[in-house]
Amino acid sequence: MRNPLSQTIVNIKPSGIRRFFDIAAERKDTISLGVGEPDFDTPWHVRDEGIYSLEKGKTFYTSNAGLMELREEICRYLTRRMDLSYDPKTEILVTVGGSEAIDIALRAMVDPGDEVLIPQPSYVSYEPCAVLAGAKPVIIELKNENEFRLTPEQLLSAITDKSKILIMPYPNNPTGAIMEKEDLLEIVRICVEKDLFVLSDEIYAELTFGGKKHVSIATLPGMRERTIVINGFSKSYAMTGWRLGYACGPKEILQQMTKIHQFAIMCAPTTSQYAAIEALKNGDADVDGMRESYNQRRNFLMHSFREMQLPCFEPFGAFYVFPCIREFGMTSEEFAFALLDAQKLAVVPGSAFGQGGEGFVRISYAYSLKKLETAMTRIAAFIETLRNKA
Amino acid sequence: MREKILTFIEKNSRVELKELAVLLGMSEADVAGELEAMEEEGIICGYHTLIDWDKVTTERINAVIEVRVTPQRGRGFDSIAERIYKYPEVESVYLMSGGYDLLVMLEGKTLREVSSFVSEKLSTLESVLSTTTHFILKKYKDHGTILHQEYKDEREILS
């Protein structure tokens with residue numbers, strides 16, 4: 001029998017997070033700070049609308065691009081919160097989570113040989129999605145000393161005449177880094193000059209702290225026509241399991257993305273779309289409440305790291321902190337396994353998010369304060385043992 | 001800032017001053033100052049514990065009583081409300097809109113104790129026109145907290 005598999009997919013490594021947690025899950029009494037999804041339930045009024053839509057028998061496909069009412073609400077929301085303006089008829093596509101939007105945006109925009117610039121550490125999907133779209137991923141390693149922001153020098157040195165798309169993963173998973181307006185303006189200048197398109201993954205846009213409001217790169221001069229903005233409901237409204245996201249951008253690109261979506265997916269889940277309308281209409285206060293809780297936990301973690309003298313730059317976005325563990329002379333994977341063995345505490349090795357994450361671990365604060373307090377006691381005990389040995 | 005402090009301690013008044021300061025990104029002195037000021041201004045009226053007494057004893061019963069009263073010239077409902085809230089077994093008293101005037105929440109040891117309070121003390125007050133007593137059979141949720149519920153982290157690991 002011939003090999004049934006595609007070499008392209010066989011050559012793609014499975015996610016490093018998965019491997020680590022399959023091992024962690026087998027150990028008893030382990031506290032995990034590994035999950036990248038909110039610990040809150042979806043607000044009840046949102047769930048209620050989902051249930052109501054089922055009661056009314058709204059169980060059919062929607063149009064490929066999504067319910068018009070939802071697209072209109074998304075537009076209103078983007079104007080209200082992000083200062084973005086799109087046409088609901090032609091410039092918005094409702095997708096199965098932000099992940100689908102990343103995949104189809106890349107597939108709609110690259111040809112074989114095109115290069116996709118991917119700053120890392122970042123979410124694990126960009127690289128495989130670029131490969132599956134036939135493009136060549138080009139990794140830009142973000143640096144701790146820049147607080148994991150993308151600098152114009154780094155971008156310039158990665159650009160070739162094949163470069164077509166720059167992925168902008170901010171607010172960032174796993175580092176919690178953000179890009180402020182001044183940082184973006186320099187990137188914008190290069191994108192326009194070098195004719196680069198931008199895929200801006202803004203799934204964590206609602207979760208920024210310390211008075212630093214998220215700035216979408218698409219709001220900056222010359223960028224709307226060359227940016228696909230990706231967002232969704234998972235992180236901001238605690239709706240991960242509903243699988244609902246969206247992409248917006250120029251209609252020529254959205255038209256082709258909708259084509260792929262139409263043939264591969266048909267439409268995003270109908271129940272989720274009805275629930276999402278309610279989230280956008282009446283969910284601002286829920287988002288504010290969750291943001292405040294995350295911020296308290298972030299303050300607590302940063303305070304704990306200062307007390308144990310573990311270096312960690314202050315992250316202003318998402319719900320992750322990314323402390324540096326280089327002083328212990330271990331790789332981040334070795335550190336994570338040793339911590340798991342010694343203290344039954346699971347954190348994600350930074351290297352799971354690309355080589356740029358080596359020397360760091362990702363700690364998610366989508367956990368209750370009580371759990372975080374126990375976890376910080378454990379990590380403090382662990383690094384004290386390491387330091388005493390040295 | 002006051003609202004942030006209040007929102008937090010409304011759910012967890014046992015938080016240590018030091019920790020509350022860290023969580024809210026304030027100095028300890030500022031938090032302590034605000035707390036003291038709010039106690040003095042009567043914004044913070046007490047620090048209570050939410051207890052599911054059903055798990056401790058069967059010797060406890062709660063009732064909600066709708067009371068219709070005649071308001072008094074010049075003092076409205078205040079003086080009759082005061083007469084009622086002074087009884088230690090009365091948990092809370094609210095002035096209501098709608099079909100009755102005062103909502104009285106009561107706690108007693110036995111059914112008999114509560115009913116004798118209503119018939120002997122409450123109903124005999126001069127301005128009380130009528131009372132309707134409802135006994136609480138089971139508490140599902142109290143002060144925003146669901147009783148009888150354990151939190152379980154059901155999030156699964158994925159990439």
# chains A, B, ... in the order shown; residues from 1 in each chain; ligands from 1
>>> interface_residues(of="chain A", to="chain B", cutoff="7 Å", atoms="only C-alpha atoms", output="list in words")
Ser15, Ile17, Arg18, Phe21, Val35, Gln296, Arg297, Asn299, Phe300 and His303 of chain A
>>> write_last_selection(atoms="C-alpha atoms", output="PDB file, in the first residue's frame")
ATOM      1  CA  SER A  15       2.111  21.453  19.475  1.00  0.00           C
ATOM      2  CA  ILE A  17       2.040  22.521  24.852  1.00  0.00           C
ATOM      3  CA  ARG A  18       0.063  19.394  24.222  1.00  0.00           C
ATOM      4  CA  PHE A  21       0.372  18.581  29.428  1.00  0.00           C
ATOM      5  CA  VAL A  35      -4.663  26.655  30.325  1.00  0.00           C
ATOM      6  CA  GLN A 296      -5.858  41.958  40.206  1.00  0.00           C
ATOM      7  CA  ARG A 297      -4.312  38.576  39.534  1.00  0.00           C
ATOM      8  CA  ASN A 299      -0.800  42.597  40.084  1.00  0.00           C
ATOM      9  CA  PHE A 300      -0.548  39.690  42.514  1.00  0.00           C
ATOM     10  CA  HIS A 303       4.261  41.310  43.217  1.00  0.00           C
TER      11      HIS A 303
END
>>> residues_around(residues="Tyr87 in chain B", least_positions_apart="4", cutoff="12 Å", atoms="only C-alpha atoms", output="count of residues only")
15
>>> residues_around(residues="range 130-136 of chain B", least_positions_apart="6", cutoff="6 Å", atoms="only C-alpha atoms", output="compact mmCIF listing (two decimals) with C-alpha atoms, in the first residue's frame")
# COMPACT_ATOMS: atom_id res chain seq x y z
CA ASN B 62 -36.39 32.07 58.14
CA ALA B 63 -39.53 33.88 57.15
CA VAL B 64 -40.43 36.73 54.85
CA ILE B 65 -43.40 38.80 55.99
CA GLU B 66 -45.33 41.26 53.88
CA VAL B 67 -46.75 43.95 56.12
CA ARG B 68 -49.40 46.53 55.25
>>> select_by_dssp(residues="range 151-227 of chain A", states="helix (DSSP H, G or I)", output="number ranges by chain")
A: 152-158, 181-193, 217-219, 224-226
>>> write_last_selection(atoms="C-alpha atoms", output="PDB file, in the first residue's frame")
ATOM      1  CA  PRO A 152      11.581  48.210  13.131  1.00  0.00           C
ATOM      2  CA  GLU A 153      15.196  46.929  12.935  1.00  0.00           C
ATOM      3  CA  GLN A 154      14.098  43.348  13.509  1.00  0.00           C
ATOM      4  CA  LEU A 155      11.375  43.669  10.897  1.00  0.00           C
ATOM      5  CA  LEU A 156      13.654  45.266   8.307  1.00  0.00           C
ATOM      6  CA  SER A 157      16.320  42.607   8.666  1.00  0.00           C
ATOM      7  CA  ALA A 158      13.758  39.822   8.110  1.00  0.00           C
ATOM      8  CA  LYS A 181       0.823  53.453  19.094  1.00  0.00           C
ATOM      9  CA  GLU A 182       4.396  54.775  18.867  1.00  0.00           C
ATOM     10  CA  ASP A 183       5.742  51.239  18.391  1.00  0.00           C
ATOM     11  CA  LEU A 184       3.182  50.564  15.699  1.00  0.00           C
ATOM     12  CA  LEU A 185       3.837  53.766  13.752  1.00  0.00           C
ATOM     13  CA  GLU A 186       7.381  52.641  12.944  1.00  0.00           C
ATOM     14  CA  ILE A 187       6.150  49.222  11.825  1.00  0.00           C
ATOM     15  CA  VAL A 188       3.453  50.888   9.742  1.00  0.00           C
ATOM     16  CA  ARG A 189       6.022  52.998   7.896  1.00  0.00           C
ATOM     17  CA  ILE A 190       7.919  49.859   6.860  1.00  0.00           C
ATOM     18  CA  CYS A 191       4.787  47.937   5.890  1.00  0.00           C
ATOM     19  CA  VAL A 192       3.680  50.708   3.565  1.00  0.00           C
ATOM     20  CA  GLU A 193       7.145  51.215   2.108  1.00  0.00           C
ATOM     21  CA  ILE A 217      -2.763  48.665  13.555  1.00  0.00           C
ATOM     22  CA  ALA A 218      -5.592  48.970  11.029  1.00  0.00           C
ATOM     23  CA  THR A 219      -6.511  52.373  12.482  1.00  0.00           C
ATOM     24  CA  ARG A 224      -6.767  49.701   6.619  1.00  0.00           C
ATOM     25  CA  GLU A 225      -6.371  48.607   2.996  1.00  0.00           C
ATOM     26  CA  ARG A 226      -3.544  46.203   3.813  1.00  0.00           C
TER      27      ARG A 226
END
>>> atom_distance(atom1="CA of Ser234 in chain A", atom2="CA of Tyr204 in chain A")
9.0 Å
>>> residues_around(residues="range 174-179 of chain A", least_positions_apart="5", cutoff="6 Å", atoms="only C-alpha atoms", output="PyMOL selection string")
chain A and resi 122+148+315+317-318+320-322+362
>>> write_last_selection(atoms="C-alpha atoms", output="PDB file, in the first residue's frame")
ATOM      1  CA  SER A 122       3.657  33.644  19.712  1.00  0.00           C
ATOM      2  CA  PHE A 148       8.817  41.308  23.398  1.00  0.00           C
ATOM      3  CA  PRO A 315       3.017  42.522  30.697  1.00  0.00           C
ATOM      4  CA  GLY A 317      -2.016  42.420  27.808  1.00  0.00           C
ATOM      5  CA  ALA A 318      -3.713  39.018  27.525  1.00  0.00           C
ATOM      6  CA  TYR A 320      -0.135  35.593  30.759  1.00  0.00           C
ATOM      7  CA  VAL A 321       3.110  36.445  32.491  1.00  0.00           C
ATOM      8  CA  PHE A 322       6.409  35.300  31.049  1.00  0.00           C
ATOM      9  CA  ARG A 362       4.403  30.969  30.430  1.00  0.00           C
TER      10      ARG A 362
END
>>> closest_residue(among="B:Met1, B:Thr124, B:Lys152, B:Asp52", to="Ser27 in chain B", atoms="only C-alpha atoms")
B:Met1
>>> atom_distance(atom1="CA of Ser119 in chain B", atom2="CA of Arg60 in chain B")
18.9 Å
